[in-house]
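Trainee: Structure file query22.txt (compact mmCIF, C-alpha atoms) is given on the next line.
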# COMPACT_ATOMS: atom_id res chain seq x y z
CA MET U 9 -92.27 121.17 275.59
CA THR U 10 -91.23 117.74 276.76
CA ALA U 11 -88.89 115.95 274.42
CA SER U 12 -90.46 113.01 272.66
CA SER U 13 -89.11 109.50 272.90
CA ILE U 14 -89.66 106.23 271.12
CA LEU U 15 -90.92 104.81 274.39
CA THR U 16 -93.69 107.39 274.78
CA SER U 17 -94.47 107.92 271.08
CA VAL U 18 -94.19 104.40 269.68
CA ARG U 19 -93.93 101.58 272.19
CA ASN U 20 -96.28 102.87 274.89
CA PRO U 21 -99.15 103.66 272.46
CA LEU U 22 -98.75 100.20 270.97
CA LYS U 23 -98.83 98.66 274.42
CA THR U 24 -101.94 100.65 275.29
CA ALA U 25 -103.68 99.69 272.05
CA ILE U 26 -103.32 95.99 272.67
CA ALA U 27 -103.94 96.18 276.42
CA GLY U 28 -107.40 94.70 275.87
CA VAL U 29 -106.15 91.35 274.60
CA ALA U 30 -106.08 88.40 276.94
CA ALA U 31 -102.38 88.61 277.71
CA ASN U 32 -99.82 90.42 279.82
CA VAL U 33 -98.37 93.20 277.69
CA TYR U 34 -94.81 94.49 278.03
CA ASP U 35 -93.31 97.45 276.15
CA SER U 36 -89.77 96.17 276.64
CA VAL U 37 -88.01 92.88 277.21
CA PRO U 38 -89.46 91.38 280.42
CA GLU U 39 -87.15 89.53 282.78
CA ALA U 40 -89.74 86.88 283.55
CA PRO U 41 -92.85 87.12 281.35
CA ILE U 42 -96.06 85.67 282.69
CA VAL U 43 -97.93 83.69 280.06
CA PRO U 44 -99.87 84.45 278.04
CA PHE U 45 -97.86 87.54 277.12
CA ALA U 46 -96.95 89.99 274.38
CA ALA U 47 -93.63 91.83 274.56
CA ILE U 48 -92.70 94.70 272.23
CA VAL U 49 -88.97 94.57 271.54
CA PRO U 50 -86.58 95.98 268.92
CA ASN U 51 -86.12 94.22 265.61
CA ALA U 52 -83.03 94.25 263.42
CA PRO U 53 -82.30 96.68 261.93
CA TYR U 54 -83.91 98.66 264.71
CA LEU U 55 -83.76 102.34 263.71
CA GLN U 56 -83.50 103.32 260.03
CA PRO U 57 -83.00 106.95 258.98
CA SER U 58 -85.09 107.13 255.82
CA LEU U 59 -86.41 110.65 255.40
CA LEU U 60 -84.74 113.69 253.88
CA GLY U 61 -83.05 116.46 255.86
CA LYS U 62 -81.19 116.55 259.15
CA ASP U 63 -83.03 119.35 260.93
CA LYS U 64 -84.83 116.66 262.93
CA VAL U 65 -84.07 113.03 263.58
CA LYS U 66 -86.61 111.02 261.61
CA LEU U 67 -86.52 107.27 261.74
CA LYS U 68 -88.27 104.14 260.66
CA VAL U 69 -88.64 102.06 263.82
CA ASN U 70 -88.69 98.30 263.32
CA LEU U 71 -90.18 96.32 266.16
CA VAL U 72 -91.05 92.74 266.81
CA MET U 73 -93.82 91.68 269.13
CA THR U 74 -93.00 88.37 270.76
CA ILE U 75 -96.06 86.55 272.01
CA GLY U 76 -96.04 83.47 274.18
CA VAL U 77 -98.48 81.00 275.69
CA ALA U 78 -98.14 78.08 278.05
CA ILE U 79 -97.63 74.60 276.67
CA TYR U 80 -99.93 72.10 278.34
CA ASP U 81 -100.57 70.15 275.20
CA ASN U 82 -99.59 70.87 271.63
CA GLN U 83 -103.07 71.25 270.19
CA SER U 84 -104.38 73.72 272.76
CA ALA U 85 -101.10 75.67 272.83
CA LEU U 86 -101.19 76.15 269.07
CA ASP U 87 -104.85 77.15 269.23
CA ASN U 88 -104.12 79.58 272.07
CA ILE U 89 -101.24 81.28 270.28
CA GLU U 90 -103.26 81.52 267.05
CA GLN U 91 -106.12 83.19 268.91
CA LEU U 92 -103.72 85.52 270.71
CA ALA U 93 -102.03 86.48 267.42
CA ILE U 94 -105.38 87.16 265.74
CA SER U 95 -106.61 89.32 268.64
CA ILE U 96 -103.37 91.32 268.62
CA LEU U 97 -103.46 91.85 264.85
CA ALA U 98 -107.00 93.19 265.22
CA ALA U 99 -105.97 95.61 267.96
CA ILE U 100 -102.86 97.12 266.37
CA PRO U 101 -103.64 100.79 265.67
CA SER U 102 -103.23 102.61 262.36
CA GLY U 103 -99.80 104.02 261.65
CA TYR U 104 -98.04 100.72 262.20
CA GLU U 105 -96.99 98.43 259.36
CA VAL U 106 -97.97 94.87 260.24
CA GLY U 107 -95.69 92.23 258.78
CA ASP U 108 -95.49 88.48 258.94
CA VAL U 109 -96.10 86.28 261.94
CA SER U 110 -93.36 83.71 262.42
CA ASN U 111 -93.99 80.05 263.08
CA PRO U 112 -94.47 79.17 266.76
CA ILE U 113 -91.49 77.52 268.42
CA ASN U 114 -90.79 76.15 271.87
CA VAL U 115 -88.78 78.57 274.00
CA THR U 116 -87.43 78.00 277.48
CA VAL U 117 -87.87 81.05 279.73
CA GLY U 118 -86.43 80.51 283.19
CA ALA U 119 -87.59 77.12 284.34
CA SER U 120 -90.65 76.92 282.13
CA GLU U 121 -91.17 76.10 278.49
CA ILE U 122 -93.51 78.22 276.41
CA LEU U 123 -94.75 78.37 272.83
CA ALA U 124 -93.74 81.67 271.23
CA CYS U 125 -93.87 83.44 267.88
CA GLU U 126 -93.07 86.89 266.56
CA ILE U 127 -95.13 89.58 264.80
CA GLN U 128 -93.14 92.02 262.63
CA LEU U 129 -94.12 95.68 263.13
CA ALA U 130 -92.78 99.00 261.90
CA THR U 131 -93.65 102.67 262.10
CA TYR U 132 -92.08 106.09 261.62
CA TYR U 133 -90.90 108.43 264.37
CA THR U 134 -89.80 112.06 264.38
CA GLN U 135 -87.87 113.44 267.35
CA THR U 136 -89.34 116.68 268.73
CA ASN U 137 -87.30 118.88 271.07
CA MET E 208 -59.25 117.99 246.51
CA ALA E 209 -60.29 115.88 249.46
CA THR E 210 -63.10 113.41 249.00
CA THR E 211 -66.47 114.98 249.70
CA VAL E 212 -69.59 113.02 250.53
CA ILE E 213 -73.04 114.49 250.70
CA THR E 214 -76.07 112.36 251.43
CA GLY E 215 -79.83 112.49 251.45
CA ARG E 216 -79.58 113.90 254.96
CA ASP E 217 -78.13 117.08 253.41
CA LEU E 218 -81.09 117.33 251.04
CA SER E 219 -84.16 119.44 251.67
CA PHE E 220 -86.80 121.11 249.55
CA THR E 221 -89.89 123.24 249.66
CA ILE E 222 -92.84 123.44 247.29
CA ALA E 223 -94.80 126.70 247.51
CA THR E 224 -92.64 127.52 250.58
CA THR E 225 -93.83 124.41 252.45
CA SER E 226 -91.12 122.01 253.57
CA TYR E 227 -91.56 118.39 252.61
CA ASN E 228 -88.68 117.06 254.72
CA GLU E 229 -91.01 115.42 257.24
CA GLN E 230 -92.55 113.15 254.60
CA ALA E 231 -90.12 112.92 251.69
CA THR E 232 -87.83 109.94 251.20
CA ALA E 233 -86.30 110.96 247.87
CA ALA E 234 -86.06 114.06 245.67
CA THR E 235 -84.26 114.26 242.35
CA LEU E 236 -83.95 117.09 239.84
CA SER E 237 -82.81 115.87 236.46
CA ALA E 238 -82.64 117.04 232.85
CA ASP E 239 -83.45 115.14 229.67
CA VAL E 240 -81.20 116.76 227.12
CA THR E 241 -81.90 116.30 223.43
CA ILE E 242 -78.71 116.20 221.42
CA GLU E 243 -78.94 116.04 217.64
CA THR E 244 -76.23 114.23 215.74
CA TYR E 245 -75.25 115.30 212.26
CA ASP E 246 -73.16 113.30 209.84
CA THR E 247 -70.99 115.79 208.04
CA LEU E 248 -68.25 115.37 205.51
CA ALA E 249 -65.82 116.08 208.35
CA GLY E 250 -67.38 113.46 210.62
CA LYS E 251 -70.07 113.53 213.29
CA ALA E 252 -71.17 116.85 214.73
CA TYR E 253 -73.29 117.27 217.83
CA LYS E 254 -75.63 120.01 218.96
CA SER E 255 -77.69 120.30 222.09
CA VAL E 256 -81.07 121.51 220.87
CA ASP E 257 -83.46 121.10 223.77
CA LYS E 258 -83.72 120.17 227.42
CA GLN E 259 -86.62 119.27 229.66
CA TRP E 260 -86.19 119.26 233.43
CA THR E 261 -88.06 116.93 235.73
CA PHE E 262 -88.40 116.92 239.50
CA ASP E 263 -89.10 113.48 240.98
CA VAL E 264 -90.32 113.11 244.56
CA GLU E 265 -91.06 110.09 246.67
CA MET E 266 -92.76 110.57 249.99
CA LEU E 267 -94.86 108.93 252.64
CA ALA E 268 -98.53 109.62 252.05
CA ASP E 269 -100.16 111.88 254.63
CA TRP E 270 -103.80 111.95 253.53
CA GLY E 271 -106.08 113.03 256.36
CA ALA E 272 -103.33 114.64 258.43
CA SER E 273 -103.50 118.25 259.56
CA GLY E 274 -101.63 120.32 256.96
CA SER E 275 -101.50 117.35 254.60
CA LEU E 276 -98.98 117.81 251.81
CA CYS E 277 -100.77 115.29 249.60
CA GLU E 278 -104.04 117.17 249.99
CA ALA E 279 -102.33 120.50 249.27
CA LEU E 280 -100.89 119.13 246.03
CA TRP E 281 -104.21 117.56 245.06
CA THR E 282 -106.03 120.85 245.65
CA ALA E 283 -103.44 122.79 243.66
CA ALA E 284 -103.68 120.33 240.74
CA GLU E 285 -107.46 120.48 240.83
CA THR E 286 -108.01 124.20 241.24
CA ALA E 287 -105.03 125.75 239.47
CA PRO E 288 -103.46 123.13 237.19
CA ASN E 289 -101.73 125.73 235.04
CA SER E 290 -100.35 127.87 237.84
CA THR E 291 -96.77 127.04 238.66
CA LEU E 292 -95.51 126.28 242.14
CA ALA E 293 -92.12 127.57 243.27
CA VAL E 294 -89.66 124.91 244.36
CA SER E 295 -86.42 125.38 246.26
CA LEU E 296 -84.16 122.35 246.35
CA THR E 297 -81.08 122.41 248.58
CA ALA E 298 -78.63 119.68 247.64
CA VAL E 299 -76.36 120.73 250.48
CA THR E 300 -75.62 124.01 252.22
CA GLY E 301 -74.27 126.28 249.51
CA ALA E 302 -75.97 124.60 246.55
CA VAL E 303 -79.55 125.69 246.09
CA PHE E 304 -81.68 125.21 242.98
CA ALA E 305 -84.81 127.25 242.35
CA PHE E 306 -87.39 126.38 239.73
CA ASN E 307 -91.11 126.19 239.04
CA VAL E 308 -93.26 123.11 238.53
CA LEU E 309 -96.79 122.48 237.42
CA PRO E 310 -98.94 120.81 240.09
CA ILE E 311 -99.89 117.17 239.56
CA PHE E 312 -102.18 114.81 241.38
CA PRO E 313 -100.42 112.59 243.91
CA SER E 314 -101.04 108.87 243.50
CA VAL E 315 -103.40 107.33 246.02
CA GLY E 316 -103.04 103.91 247.59
CA GLY E 317 -100.31 101.38 248.10
CA THR E 318 -99.59 97.80 248.93
CA SER E 319 -100.49 95.94 252.08
CA PRO E 320 -99.04 96.00 254.67
CA ASP E 321 -96.48 98.68 253.84
CA ALA E 322 -96.78 102.39 254.53
CA GLN E 323 -98.60 104.16 251.71
CA THR E 324 -96.17 106.09 249.57
CA VAL E 325 -96.52 108.66 246.81
CA SER E 326 -94.31 108.95 243.74
CA MET E 327 -94.55 112.13 241.71
CA SER E 328 -92.75 113.34 238.64
CA PHE E 329 -93.17 117.09 238.22
CA THR E 330 -92.60 118.81 234.91
CA VAL E 331 -90.30 121.77 235.47
CA VAL E 332 -91.35 124.95 233.68
CA GLY E 333 -88.29 126.64 232.24
CA THR E 334 -84.80 126.11 233.53
CA PRO E 335 -83.70 125.92 237.18
CA SER E 336 -81.56 128.73 238.51
CA GLU E 337 -78.72 127.72 240.75
CA THR E 338 -77.00 129.46 243.63
CA PHE E 339 -73.54 128.14 244.45
CA SER E 340 -71.62 129.66 247.32
Mind turning this structure into structure tokens?
Mentor:
Amino acid sequence: MTASSILTSVRNPLKTAIAGVAANVYDSVPEAPIVPFAAIVPNAPYLQPSLLGKDKVKLKVNLVMTIGVAIYDNQSALDNIEQLAISILAAIPSGYEVGDVSNPINVTVGASEILACEIQLATYYTQTN
Amino acid sequence: MATTVITGRDLSFTIATTSYNEQATAATLSADVTIETYDTLAGKAYKSVDKQWTFDVEMLADWGASGSLCEALWTAAETAPNSTLAVSLTAVTGAVFAFNVLPIFPSVGGTSPDAQTVSMSFTVVGTPSETFS
């Protein structure tokens, strides 16, 4: 039996679930994201042991989904990121706690400036094998 | 003696031989001891007259899952409310407590957007037996 991993059990399924939204989806930190995008990255604290016993490693996994859109003008950028956030919230599968969405802020990625915000997510993971 | 630390990672328990480690976040066996106080001519006198043990469990809800622990407890409370369930609680290797509890209905629901959790307080029938090695 193949050993499980957080990548295959948590981040990949999340990426697959939101693949239908109108954005490029990354299950790790992208070097140069192409807007609009959603990137699933670790939150702090990232891994929290919270269940009894030590026969298996069981963790609460805290993630943050950073989403970004292009800034052409303020009004359309805010509208675009609101629509992207709503579509992602609707697509997140069961088994994931959905937390707050942060306020959008301007972020410089490479040579371009984007409007980005963060969606707090969490789930539980048990290591097998 | 040297300082010893045991944690929740050392803890494990079974109810009716089924392990709850995969879902449980807390398990506590405690006793409420009734101690009578008497005012005598020679001063206060104390006597322990009764004790009631309680087993408290907090766990992530698993309704709908294959082999659901919540559903097993619900079924036991519904179909055999007066039949005790055997519990084995290991505080750490070498300290095991065995006792019986009456089944109770797990709570249903929770708060958005957190994971649904279940808090249960089982009444222990009789007195736990301990095995220290």
Trainee: Give me, as a PyMOL selection string, the residues of chain U touching chain E, with the criterion being at most 7 Å (counting all atoms listed in the file).
Mentor: chain U and resi 58-62+105-107
Trainee: Please compute the CA of Ser17 (chain U)-CA of Ser110 (chain U) distance, one decimal, in Å.
Mentor: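 CA of Ser110 (chain U) lies 25.7 Å from CA of Ser17 (chain U).
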Trainee: Nearest residue to Thr74 (chain U) out of U:Ser102, U:Ile127, U:Val33, U:Gln91, using all atoms listed in the file?
Mentor: U:Ile127
Trainee: Got a sec: who's within 8 Å of Leu123 (chain U), counting all atoms listed in the file, leaving out chain neighbours fewer than 6 positions off, as a list in words?
Mentor: Gly76, Val77, Ala78, Ile79, Ala85, Leu86, Ile89, Pro112, Ile113, Asn114 and Val115 of chain U
Trainee: In Å, with one decimal, what is the gap from CA of Ile100 (chain U) to CA of Phe45 (chain U)?
Mentor: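 Straight-line distance from CA of Ile100 (chain U) to CA of Phe45 (chain U) works out to 15.2 Å.
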Trainee: Using only C-alpha atoms, which of U:Ser95, U:Gln83, U:Gln128, U:Thr16 sits nearest Ile48 (chain U)?
Mentor: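 Of U:Ser95, U:Gln83, U:Gln128, U:Thr16, the one nearest Ile48 (chain U) is U:Gln128, counting only C-alpha atoms.
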Trainee: Please determine, counting only C-alpha atoms, which residue among E:Cys277, E:Ala287, E:Val332, E:Val212 has the shortest atom-to-atom distance to Ala305 (chain E).
Mentor: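 When distances to Ala305 (chain E) are compared using only C-alpha atoms, the smallest one comes from E:Val332.
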Trainee: CA of Pro53 (chain U) and CA of Gln135 (chain U) are how many Å apart?
Mentor: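 CA of Gln135 (chain U) lies 18.5 Å from CA of Pro53 (chain U).
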Trainee: For Val49 (chain U), which residue among U:Asn82, U:Thr116, U:Glu126, U:Ala99 is the nearest when counting only C-alpha atoms?
Mentor: U:Glu126
Trainee: Hey, what's within 9 Å of Ala223 (chain E) if we count all atoms listed in the file and toss same-chain stuff fewer than 3 positions away? As a list in words, please?
Mentor: Ser226, Leu292, Ala293, Val294 and Ser295 of chain E
Trainee: Find the residues around Leu67 (chain U) up to 10 Å (all atoms listed in the file counted), leave out those fewer than 6 positions away in its own chain, and share them as a compact mmCIF listing (two decimals) with C-alpha atoms, keeping the file's coordinate frame.
Mentor:
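Contents of out_24.txt, as written:
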# COMPACT_ATOMS: atom_id res chain seq x y z
CA ILE U 14 -89.66 106.23 271.12
CA TYR U 54 -83.91 98.66 264.71
CA LEU U 55 -83.76 102.34 263.71
CA GLN U 56 -83.50 103.32 260.03
CA PRO U 57 -83.00 106.95 258.98
CA SER U 58 -85.09 107.13 255.82
CA LEU U 59 -86.41 110.65 255.40
CA THR U 131 -93.65 102.67 262.10
CA TYR U 132 -92.08 106.09 261.62
CA TYR U 133 -90.90 108.43 264.37
CA THR U 134 -89.80 112.06 264.38
CA GLN U 135 -87.87 113.44 267.35
Trainee: Set up a box along x, y and z of the file covering all listed atoms of region 34-46 of chain U, add 8 Å on every one of the six sides, and write the centre and edge lengths in Å to one decimal, as AutoDock Vina command-line options.
Mentor:
--center_x -93.5 --center_y 90.6 --center_z 279.0 --size_x 28.7 --size_y 29.8 --size_z 25.2
Trainee: Which residue is closest to Gly103 (chain U)? Choose from E:Asp269, E:Asp263, E:Glu285, E:Glu278 and count all atoms listed in the file.
Mentor: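 Result for the nearest residue to Gly103 (chain U): E:Asp269.
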Trainee: With N, CA and C atoms as the goal, would you fill in the gaps in region 108-123 of chain U and present it as a short mmCIF file (atom, residue, chain, number, x, y, z; two decimals), keeping the file's coordinate frame?
Mentor:
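Final output, saved to selection-v4.cif:
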data_model
loop_
_atom_site.label_atom_id
_atom_site.label_comp_id
_atom_site.auth_asym_id
_atom_site.auth_seq_id
_atom_site.Cartn_x
_atom_site.Cartn_y
_atom_site.Cartn_z
N ASP U 108 -95.19 89.90 258.80
CA ASP U 108 -95.49 88.48 258.94
C ASP U 108 -95.48 88.05 260.40
N VAL U 109 -96.14 86.94 260.63
CA VAL U 109 -96.10 86.28 261.94
C VAL U 109 -95.27 85.01 261.75
N SER U 110 -94.25 84.87 262.57
CA SER U 110 -93.36 83.71 262.42
C SER U 110 -94.04 82.44 262.92
N ASN U 111 -93.44 81.32 262.58
CA ASN U 111 -93.99 80.05 263.08
C ASN U 111 -93.74 79.92 264.58
N PRO U 112 -94.68 79.35 265.32
CA PRO U 112 -94.47 79.17 266.76
C PRO U 112 -93.37 78.15 267.03
N ILE U 113 -92.54 78.46 268.02
CA ILE U 113 -91.49 77.52 268.42
C ILE U 113 -91.46 77.42 269.94
N ASN U 114 -90.93 76.32 270.43
CA ASN U 114 -90.79 76.15 271.87
C ASN U 114 -89.60 76.98 272.35
N VAL U 115 -89.83 77.73 273.42
CA VAL U 115 -88.78 78.57 274.00
C VAL U 115 -88.75 78.31 275.50
N THR U 116 -87.56 78.18 276.04
CA THR U 116 -87.43 78.00 277.48
C THR U 116 -87.15 79.35 278.12
N VAL U 117 -88.04 79.79 279.01
CA VAL U 117 -87.87 81.05 279.73
C VAL U 117 -87.79 80.70 281.21
N GLY U 118 -86.62 80.92 281.80
CA GLY U 118 -86.43 80.51 283.19
C GLY U 118 -86.54 79.00 283.29
N ALA U 119 -87.44 78.56 284.15
CA ALA U 119 -87.59 77.12 284.34
C ALA U 119 -88.74 76.55 283.53
N SER U 120 -89.47 77.42 282.84
CA SER U 120 -90.65 76.92 282.13
C SER U 120 -90.47 76.99 280.63
N GLU U 121 -91.21 76.13 279.95
CA GLU U 121 -91.17 76.10 278.49
C GLU U 121 -92.47 76.70 277.96
N ILE U 122 -92.34 77.58 276.99
CA ILE U 122 -93.51 78.22 276.41
C ILE U 122 -93.50 78.06 274.90
N LEU U 123 -94.66 78.33 274.29
CA LEU U 123 -94.75 78.37 272.83
C LEU U 123 -94.78 79.84 272.42
#
